[in-house]
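Q: Structure: entry_16.txt, compact mmCIF, C-alpha atoms.
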```
# COMPACT_ATOMS: atom_id res chain seq x y z
CA HIS U 129 12.40 -32.36 19.82
CA LYS U 130 12.72 -35.10 17.23
CA GLY U 131 13.55 -32.74 14.38
CA ALA U 132 15.70 -29.71 13.64
CA VAL U 133 15.16 -26.69 15.90
CA TRP U 134 14.65 -23.71 13.59
CA SER U 135 14.08 -21.01 16.19
CA CYS U 136 14.77 -20.48 19.89
CA ARG U 137 13.71 -17.40 21.85
CA LEU U 138 13.78 -16.35 25.49
CA ASP U 139 10.83 -14.36 26.78
CA PRO U 140 11.58 -10.73 27.84
CA ALA U 141 11.88 -11.78 31.48
CA ALA U 142 14.32 -14.60 30.53
CA LEU U 143 12.29 -17.09 32.58
CA LEU U 144 10.76 -19.02 29.66
CA ALA U 145 12.25 -20.36 26.44
CA GLY U 146 10.39 -21.32 23.29
CA THR U 147 11.65 -23.61 20.52
CA ALA U 148 10.19 -24.16 17.05
CA SER U 149 10.99 -27.42 15.31
CA GLY U 150 10.85 -29.49 12.17
CA ASP U 151 8.98 -32.13 14.17
CA PHE U 152 5.79 -30.05 13.73
CA SER U 153 5.80 -28.75 17.30
CA VAL U 154 6.64 -25.83 19.55
CA GLN U 155 7.95 -26.44 23.04
CA VAL U 156 7.94 -24.06 26.00
CA TRP U 157 10.64 -24.61 28.62
CA ASP U 158 11.47 -23.34 32.08
CA ALA U 159 14.61 -21.38 31.23
CA ILE U 160 15.97 -21.79 34.77
CA THR U 161 15.52 -25.53 35.31
CA GLY U 162 15.37 -26.69 31.69
CA ASN U 163 12.12 -28.57 32.33
CA SER U 164 9.57 -28.85 29.52
CA LEU U 165 6.35 -27.01 30.42
CA TYR U 166 4.10 -27.14 27.34
CA SER U 167 4.04 -28.67 23.89
CA PHE U 168 1.97 -27.11 21.10
CA PRO U 169 1.42 -29.36 18.05
CA HIS U 170 1.34 -27.94 14.51
CA LYS U 171 0.60 -29.55 11.16
CA HIS U 172 3.87 -28.75 9.41
CA VAL U 173 7.42 -27.52 10.05
CA VAL U 174 7.54 -24.55 12.43
CA LYS U 175 10.22 -22.06 11.39
CA THR U 176 9.80 -19.15 13.80
CA LEU U 177 8.38 -17.96 17.11
CA ASP U 178 8.45 -14.85 19.26
CA TRP U 179 7.22 -13.73 22.68
CA SER U 180 4.95 -10.79 23.31
CA GLN U 181 6.49 -7.98 25.33
CA ASP U 182 4.45 -8.93 28.42
CA SER U 183 5.51 -12.62 28.09
CA ARG U 184 1.85 -13.69 28.10
CA ARG U 185 1.61 -14.81 24.46
CA LEU U 186 3.68 -16.75 21.98
CA ALA U 187 3.40 -16.29 18.20
CA THR U 188 4.46 -19.07 15.83
CA GLY U 189 4.67 -19.57 12.07
CA GLY U 190 6.07 -21.86 9.43
CA HIS U 191 5.28 -23.93 6.36
CA GLU U 192 1.53 -24.03 7.03
CA GLY U 193 1.25 -20.33 6.26
CA ILE U 194 -0.73 -19.78 9.48
CA LEU U 195 0.26 -17.36 12.22
CA ARG U 196 -0.73 -18.86 15.58
CA VAL U 197 -0.90 -16.97 18.87
CA PHE U 198 -0.89 -19.04 22.06
CA ASP U 199 -1.95 -17.68 25.44
CA ILE U 200 0.69 -18.96 27.88
CA THR U 201 -1.55 -18.12 30.84
CA GLN U 202 -4.12 -20.55 29.39
CA PRO U 203 -2.00 -23.15 27.57
CA GLU U 204 -4.93 -25.53 27.08
CA LYS U 205 -6.85 -22.89 25.12
CA GLU U 206 -6.95 -23.11 21.32
CA PRO U 207 -4.62 -20.55 19.71
CA LEU U 208 -5.75 -17.62 17.62
CA MET U 209 -5.02 -18.36 13.94
CA PHE U 210 -4.39 -15.99 11.04
CA VAL U 211 -4.02 -17.31 7.48
CA GLN U 212 -1.47 -15.30 5.48
CA SER U 213 -3.33 -15.55 2.17
CA THR U 214 -6.65 -17.04 1.06
CA LYS U 215 -5.40 -17.25 -2.55
CA GLU U 216 -2.28 -19.36 -2.01
CA LYS U 217 -0.22 -20.85 0.80
CA VAL U 218 2.38 -18.34 1.97
CA SER U 219 4.93 -19.83 4.34
CA ILE U 220 6.04 -17.69 7.29
CA SER U 221 9.79 -17.37 7.68
CA LYS U 222 9.91 -14.99 10.63
CA CYS U 223 7.52 -13.38 13.13
CA ASN U 224 8.12 -10.55 15.58
CA TRP U 225 5.91 -8.73 18.07
CA ILE U 226 6.12 -4.95 17.85
CA ASP U 227 3.75 -4.41 20.78
CA ASN U 228 1.42 -6.62 22.83
CA SER U 229 -1.26 -6.59 20.11
CA THR U 230 0.67 -6.54 16.82
CA VAL U 231 2.72 -9.30 15.21
CA LEU U 232 4.79 -8.84 12.06
CA ALA U 233 4.79 -11.99 9.90
CA ALA U 234 7.33 -12.21 7.09
CA GLY U 235 6.20 -14.29 4.12
CA GLU U 236 7.87 -16.22 1.33
CA ASP U 237 5.97 -13.91 -1.04
CA GLY U 238 8.18 -10.98 0.00
CA THR U 239 5.46 -9.31 2.08
CA ILE U 240 5.45 -8.43 5.78
CA ARG U 241 1.96 -8.43 7.26
CA PHE U 242 1.18 -6.47 10.42
CA TRP U 243 -1.45 -8.53 12.25
CA ASN U 244 -3.62 -6.96 14.96
CA VAL U 245 -4.21 -10.18 16.87
CA ASP U 246 -6.81 -8.59 19.18
CA GLU U 247 -9.05 -7.52 16.28
CA THR U 248 -12.05 -9.84 15.84
CA ASP U 249 -13.14 -8.46 12.45
CA PRO U 250 -11.15 -10.40 9.79
CA SER U 251 -11.33 -7.45 7.39
CA LYS U 252 -9.45 -5.28 9.88
CA GLN U 253 -6.89 -7.76 11.18
CA ILE U 254 -4.14 -6.74 8.76
CA ALA U 255 -3.22 -3.25 9.89
CA GLN U 256 -0.44 -2.68 7.36
CA THR U 257 1.83 -4.44 4.86
CA LEU U 258 5.39 -3.81 3.70
CA SER U 259 7.05 -5.35 0.66
CA VAL U 260 10.69 -5.86 -0.18
CA GLY U 261 9.58 -5.71 -3.84
CA GLY U 262 11.49 -6.36 -7.01
CA ASP U 263 13.30 -9.67 -7.38
CA ALA U 264 14.18 -9.94 -3.70
CA GLY U 265 12.16 -13.13 -3.30
CA GLY U 266 11.10 -14.67 -0.04
CA ILE U 267 12.06 -13.00 3.23
CA ARG U 268 14.66 -15.00 5.13
CA ASP U 269 15.21 -12.87 8.21
CA MET U 270 13.63 -9.91 10.00
CA GLU U 271 14.71 -8.02 13.11
CA ILE U 272 13.26 -5.08 15.06
CA LEU U 273 15.57 -2.74 16.98
CA THR U 274 14.87 0.52 18.82
CA LEU U 275 17.95 2.75 18.58
CA PRO U 276 19.04 4.02 22.02
CA SER U 277 20.35 7.29 20.57
CA SER U 278 17.19 8.43 18.77
CA GLY U 279 14.37 6.16 19.92
CA ARG U 280 13.61 5.25 16.29
CA THR U 281 12.41 1.70 15.71
CA ILE U 282 14.16 0.11 12.73
CA LEU U 283 13.07 -3.02 10.90
CA THR U 284 15.90 -4.95 9.21
CA VAL U 285 14.90 -7.38 6.45
CA ALA U 286 17.10 -9.90 4.60
CA ALA U 287 15.60 -11.19 1.35
CA GLY U 288 16.97 -12.30 -2.01
CA GLN U 289 20.30 -10.46 -2.34
CA ASN U 290 19.23 -7.41 -0.36
CA VAL U 291 19.25 -6.10 3.19
CA THR U 292 16.53 -3.47 3.52
CA PHE U 293 15.83 -1.08 6.39
CA PHE U 294 12.43 0.40 7.27
CA ASP U 295 11.69 3.10 9.83
CA LEU U 296 8.69 1.84 11.80
CA SER U 297 8.61 5.11 13.74
CA ALA U 298 7.78 6.83 10.44
CA GLY U 299 5.02 4.45 9.39
CA GLY U 300 7.30 1.91 7.76
CA LYS U 301 9.13 4.26 5.39
CA MET U 302 12.00 2.51 3.59
CA ILE U 303 15.35 4.00 4.58
CA HIS U 304 17.63 2.13 2.19
CA SER U 305 18.11 -1.23 0.48
CA TYR U 306 21.63 -2.62 0.06
CA LYS U 307 22.46 -5.24 -2.55
CA MET U 308 24.82 -7.78 -1.01
CA PRO U 309 27.58 -9.99 -2.48
CA ILE U 310 25.76 -12.91 -0.81
CA HIS U 311 22.21 -14.21 -1.10
CA PHE U 312 19.49 -15.19 1.35
CA GLY U 313 17.88 -17.83 -0.86
CA GLN U 314 17.95 -20.66 1.68
CA GLU U 315 19.38 -19.38 4.96
CA GLY U 316 21.10 -16.31 6.36
CA GLY U 317 20.20 -13.07 8.06
CA ALA U 318 21.17 -9.54 9.01
CA SER U 319 21.44 -7.56 12.23
CA LEU U 320 21.72 -3.81 12.78
CA HIS U 321 24.26 -2.47 15.27
CA PRO U 322 22.64 -0.60 18.23
CA GLY U 323 24.46 2.53 17.07
CA GLY U 324 22.42 2.40 13.86
CA LYS U 325 25.35 3.06 11.51
CA LYS U 326 26.53 -0.44 10.57
CA PHE U 327 25.13 -3.92 10.19
CA ILE U 328 26.29 -7.50 9.77
CA ALA U 329 24.90 -10.05 7.31
CA GLY U 330 25.52 -13.70 6.54
CA GLY U 331 24.18 -15.86 3.72
CA GLY U 332 25.01 -18.08 0.78
CA ARG U 333 27.47 -17.73 -2.07
CA ARG U 334 27.61 -19.27 -5.53
CA GLY U 335 28.36 -22.96 -5.15
CA GLY U 336 26.42 -23.29 -1.91
CA SER U 337 28.99 -22.09 0.64
CA MET U 338 28.14 -19.61 3.36
CA ALA U 339 29.74 -16.20 3.87
CA LEU U 340 29.72 -13.45 6.48
```
Using structure tokens, write down the structure that the file contains.
A:
Amino acid sequence: HKGAVWSCRLDPAALLAGTASGDFSVQVWDAITGNSLYSFPHKHVVKTLDWSQDSRRLATGGHEGILRVFDITQPEKEPLMFVQSTKEKVSISKCNWIDNSTVLAAGEDGTIRFWNVDETDPSKQIAQTLSVGGDAGGIRDMEILTLPSSGRTILTVAAGQNVTFFDLSAGGKMIHSYKMPIHFGQEGGASLHPGGKKFIAGGGRRGGSMAL
């Protein structure tokens, strides 16, 4: 890459690595040898990427406000593209697959869109939306975790000054939103412990310093 690397993810099999960069590109690497396999050009900074559970597809997003889905088994094929909003450009800060057909895309407008990437009818492609609401602002980080103890799938969202938890096993019901002594205005994130009873968060403080 010739620019900052904003995201790096291994595929579920840990054989491939994907990197999203400020040089307007996504690279796919052989995670064993380190060799570059494919390069996918974009038209603006790419902030996030994620692998499908079967390792066959790679979702990307960034400042263009377009969710792209690349078929790794056919790398020369044009990606599927999903525009976040037809009314205004909504940058994508984070994307996560929840199954092999659905990608969650977190927007700078505070909304998480559930895209059914196998649906050909544009009016049916957004299966669901969730909002952090209030004055939380743009979403900075998003993480999906299935709790070993209960099997519940929890979505953790860092936005504004809040860390919010949603239960995806219950249709996206909000569990709780915690106001933090830090903010997620520029960078930062949050991660839920596998036990489901505590979490860690890092972000900015007044004056521009970072805190954990």
Q: Choose the residue, out of U:Pro309, U:Gly162, U:Gly323, U:Gly299, that has the smallest atom-to-atom separation from U:Ser277; count only C-alpha atoms.
A: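 Smallest separation from U:Ser277 among the options: U:Gly323.
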Q: Near stretch 132-138 of chain U, counting all atoms listed in the file, which residues have an atom at most 9 Å away, once you skip same-chain residues fewer than 4 positions from it, shown as a PyMOL selection string?
A: chain U and resi 142-151+159+173-179
Q: Pick out the residues sitting within 10 Å of U:Thr274, and hand them over as JSON, numbers by chain; count all atoms listed in the file, and ignore anything fewer than 2 positions along from it in its own chain.
A: {"U": [272, 276, 277, 278, 279, 280, 281, 282, 283, 295, 296, 297, 322, 323, 324]}
Q: List the neighbours of U:Arg184 out to 10 Å using all atoms listed in the file; skip same-chain residues closer than 3 positions along the sequence, and give me the result as an mmCIF file with C-alpha atoms, in the coordinates of the input.
A:
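Output saved as selection_24.cif:
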```cif
data_model
loop_
_atom_site.group_PDB
_atom_site.id
_atom_site.type_symbol
_atom_site.label_atom_id
_atom_site.label_comp_id
_atom_site.auth_asym_id
_atom_site.auth_seq_id
_atom_site.Cartn_x
_atom_site.Cartn_y
_atom_site.Cartn_z
ATOM 1 C CA ASP U 139 10.830 -14.360 26.780
ATOM 2 C CA TRP U 179 7.220 -13.730 22.680
ATOM 3 C CA SER U 180 4.950 -10.790 23.310
ATOM 4 C CA GLN U 181 6.490 -7.980 25.330
ATOM 5 C CA PHE U 198 -0.890 -19.040 22.060
ATOM 6 C CA ASP U 199 -1.950 -17.680 25.440
ATOM 7 C CA ILE U 200 0.690 -18.960 27.880
ATOM 8 C CA THR U 201 -1.550 -18.120 30.840
ATOM 9 C CA GLN U 202 -4.120 -20.550 29.390
ATOM 10 C CA ASN U 228 1.420 -6.620 22.830
#
```
Q: Would you work out the distance separating atom CA of U:Ile220 from atom CA of U:Thr188, expressed in Å to one decimal?
A: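 That distance, rounded to one decimal, is 8.8 Å.
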Q: Rank nothing, just name the residue among U:Asn244, U:Gly190, U:Glu315, U:Thr161 nearest to U:Thr230, using all atoms listed in the file.
A: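 With all atoms listed in the file as the atom set, the closest residue is U:Asn244.
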Q: Under the rule that all atoms listed in the file are counted, which of U:Val218, U:Ala255, U:Ile267, U:Cys223 is the nearest residue to U:Leu186?
A: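 Once distances to U:Leu186 are computed over all atoms listed in the file, the minimum belongs to U:Cys223.
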Q: Quick check, in Å to one decimal: how far apart do atom CA of U:Met209 and atom CA of U:Val197 lie?
A: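 Answer for the atom CA of U:Met209 to atom CA of U:Val197 separation: 6.6 Å.
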Q: Using only C-alpha atoms, which protein or nucleic acid residues come within 9 Å of U:Phe152? Drop anything in the same chain fewer than 6 positions from it, and give the result as a PDB file with C-alpha atoms, in the coordinates of the input.
A:
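New file around.pdb:
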```pdb
ATOM      1  CA  GLY U 131      13.550 -32.740  14.380  1.00  0.00           C
ATOM      2  CA  PHE U 168       1.970 -27.110  21.100  1.00  0.00           C
ATOM      3  CA  PRO U 169       1.420 -29.360  18.050  1.00  0.00           C
ATOM      4  CA  HIS U 170       1.340 -27.940  14.510  1.00  0.00           C
ATOM      5  CA  LYS U 171       0.600 -29.550  11.160  1.00  0.00           C
ATOM      6  CA  HIS U 172       3.870 -28.750   9.410  1.00  0.00           C
ATOM      7  CA  VAL U 173       7.420 -27.520  10.050  1.00  0.00           C
ATOM      8  CA  VAL U 174       7.540 -24.550  12.430  1.00  0.00           C
TER       9      VAL U 174
END
```
Q: Just how far from atom CA of U:Arg268 is atom CA of U:Thr292, in Å to one decimal?
A: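 Atom CA of U:Thr292 sits 11.8 Å away from atom CA of U:Arg268.
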Q: Give me the residues within 10 Å of U:Ser319 as a PDB file with C-alpha atoms, in the frame of the given file, counting all atoms listed in the file and dropping any in the same chain fewer than 6 places off.
A:
```
ATOM      1  CA  ASP U 269      15.210 -12.870   8.210  1.00  0.00           C
ATOM      2  CA  MET U 270      13.630  -9.910  10.000  1.00  0.00           C
ATOM      3  CA  GLU U 271      14.710  -8.020  13.110  1.00  0.00           C
ATOM      4  CA  ILE U 272      13.260  -5.080  15.060  1.00  0.00           C
ATOM      5  CA  LEU U 273      15.570  -2.740  16.980  1.00  0.00           C
ATOM      6  CA  LEU U 283      13.070  -3.020  10.900  1.00  0.00           C
ATOM      7  CA  THR U 284      15.900  -4.950   9.210  1.00  0.00           C
ATOM      8  CA  VAL U 285      14.900  -7.380   6.450  1.00  0.00           C
ATOM      9  CA  ALA U 286      17.100  -9.900   4.600  1.00  0.00           C
ATOM     10  CA  VAL U 291      19.250  -6.100   3.190  1.00  0.00           C
ATOM     11  CA  LYS U 326      26.530  -0.440  10.570  1.00  0.00           C
ATOM     12  CA  PHE U 327      25.130  -3.920  10.190  1.00  0.00           C
ATOM     13  CA  ILE U 328      26.290  -7.500   9.770  1.00  0.00           C
ATOM     14  CA  ALA U 329      24.900 -10.050   7.310  1.00  0.00           C
ATOM     15  CA  GLY U 330      25.520 -13.700   6.540  1.00  0.00           C
TER      16      GLY U 330
END
```
Q: For a quick check of understanding, using only C-alpha atoms, which of U:Ala318, U:Ala287, U:Ala298, U:Ala141 has the smallest distance to U:Asp237?
A: U:Ala287
Q: Please rebuild stretch 173-187 of chain U with N, CA, C and O atoms and give the result as a PDB file, in the coordinates of the input.
A:
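selection-v3.pdb written:
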```pdb
ATOM      1  N   VAL U 173       6.196 -28.060   9.459  1.00  0.00           N
ATOM      2  CA  VAL U 173       7.420 -27.520  10.050  1.00  0.00           C
ATOM      3  C   VAL U 173       7.184 -26.115  10.592  1.00  0.00           C
ATOM      4  O   VAL U 173       6.593 -25.270   9.920  1.00  0.00           O
ATOM      5  N   VAL U 174       7.647 -25.868  11.814  1.00  0.00           N
ATOM      6  CA  VAL U 174       7.540 -24.550  12.430  1.00  0.00           C
ATOM      7  C   VAL U 174       8.899 -23.866  12.339  1.00  0.00           C
ATOM      8  O   VAL U 174       9.898 -24.377  12.840  1.00  0.00           O
ATOM      9  N   LYS U 175       8.950 -22.724  11.675  1.00  0.00           N
ATOM     10  CA  LYS U 175      10.220 -22.060  11.390  1.00  0.00           C
ATOM     11  C   LYS U 175      10.557 -20.914  12.349  1.00  0.00           C
ATOM     12  O   LYS U 175      11.712 -20.512  12.458  1.00  0.00           O
ATOM     13  N   THR U 176       9.545 -20.367  13.028  1.00  0.00           N
ATOM     14  CA  THR U 176       9.800 -19.150  13.800  1.00  0.00           C
ATOM     15  C   THR U 176       8.835 -19.024  14.965  1.00  0.00           C
ATOM     16  O   THR U 176       7.726 -19.578  14.937  1.00  0.00           O
ATOM     17  N   LEU U 177       9.263 -18.311  15.988  1.00  0.00           N
ATOM     18  CA  LEU U 177       8.380 -17.960  17.110  1.00  0.00           C
ATOM     19  C   LEU U 177       8.916 -16.704  17.763  1.00  0.00           C
ATOM     20  O   LEU U 177      10.071 -16.332  17.605  1.00  0.00           O
ATOM     21  N   ASP U 178       8.034 -16.045  18.527  1.00  0.00           N
ATOM     22  CA  ASP U 178       8.450 -14.850  19.260  1.00  0.00           C
ATOM     23  C   ASP U 178       7.485 -14.608  20.411  1.00  0.00           C
ATOM     24  O   ASP U 178       6.290 -14.919  20.319  1.00  0.00           O
ATOM     25  N   TRP U 179       8.010 -14.040  21.483  1.00  0.00           N
ATOM     26  CA  TRP U 179       7.220 -13.730  22.680  1.00  0.00           C
ATOM     27  C   TRP U 179       6.685 -12.307  22.627  1.00  0.00           C
ATOM     28  O   TRP U 179       7.373 -11.400  22.167  1.00  0.00           O
ATOM     29  N   SER U 180       5.476 -12.140  23.147  1.00  0.00           N
ATOM     30  CA  SER U 180       4.950 -10.790  23.310  1.00  0.00           C
ATOM     31  C   SER U 180       5.752 -10.070  24.396  1.00  0.00           C
ATOM     32  O   SER U 180       6.430 -10.704  25.216  1.00  0.00           O
ATOM     33  N   GLN U 181       5.679  -8.762  24.409  1.00  0.00           N
ATOM     34  CA  GLN U 181       6.490  -7.980  25.330  1.00  0.00           C
ATOM     35  C   GLN U 181       6.120  -8.225  26.796  1.00  0.00           C
ATOM     36  O   GLN U 181       6.951  -8.058  27.689  1.00  0.00           O
ATOM     37  N   ASP U 182       4.872  -8.643  27.045  1.00  0.00           N
ATOM     38  CA  ASP U 182       4.450  -8.930  28.420  1.00  0.00           C
ATOM     39  C   ASP U 182       4.627 -10.403  28.783  1.00  0.00           C
ATOM     40  O   ASP U 182       4.218 -10.826  29.876  1.00  0.00           O
ATOM     41  N   SER U 183       5.218 -11.187  27.887  1.00  0.00           N
ATOM     42  CA  SER U 183       5.510 -12.620  28.090  1.00  0.00           C
ATOM     43  C   SER U 183       4.258 -13.487  28.218  1.00  0.00           C
ATOM     44  O   SER U 183       4.360 -14.665  28.558  1.00  0.00           O
ATOM     45  N   ARG U 184       3.093 -12.941  27.921  1.00  0.00           N
ATOM     46  CA  ARG U 184       1.850 -13.690  28.100  1.00  0.00           C
ATOM     47  C   ARG U 184       1.479 -14.509  26.861  1.00  0.00           C
ATOM     48  O   ARG U 184       0.721 -15.472  26.966  1.00  0.00           O
ATOM     49  N   ARG U 185       2.007 -14.123  25.690  1.00  0.00           N
ATOM     50  CA  ARG U 185       1.610 -14.810  24.460  1.00  0.00           C
ATOM     51  C   ARG U 185       2.820 -15.182  23.611  1.00  0.00           C
ATOM     52  O   ARG U 185       3.856 -14.519  23.660  1.00  0.00           O
ATOM     53  N   LEU U 186       2.630 -16.236  22.847  1.00  0.00           N
ATOM     54  CA  LEU U 186       3.680 -16.750  21.980  1.00  0.00           C
ATOM     55  C   LEU U 186       3.143 -16.879  20.569  1.00  0.00           C
ATOM     56  O   LEU U 186       2.127 -17.537  20.340  1.00  0.00           O
ATOM     57  N   ALA U 187       3.794 -16.211  19.615  1.00  0.00           N
ATOM     58  CA  ALA U 187       3.400 -16.290  18.200  1.00  0.00           C
ATOM     59  C   ALA U 187       4.295 -17.284  17.483  1.00  0.00           C
ATOM     60  O   ALA U 187       5.502 -17.346  17.744  1.00  0.00           O
TER      61      ALA U 187
END
```
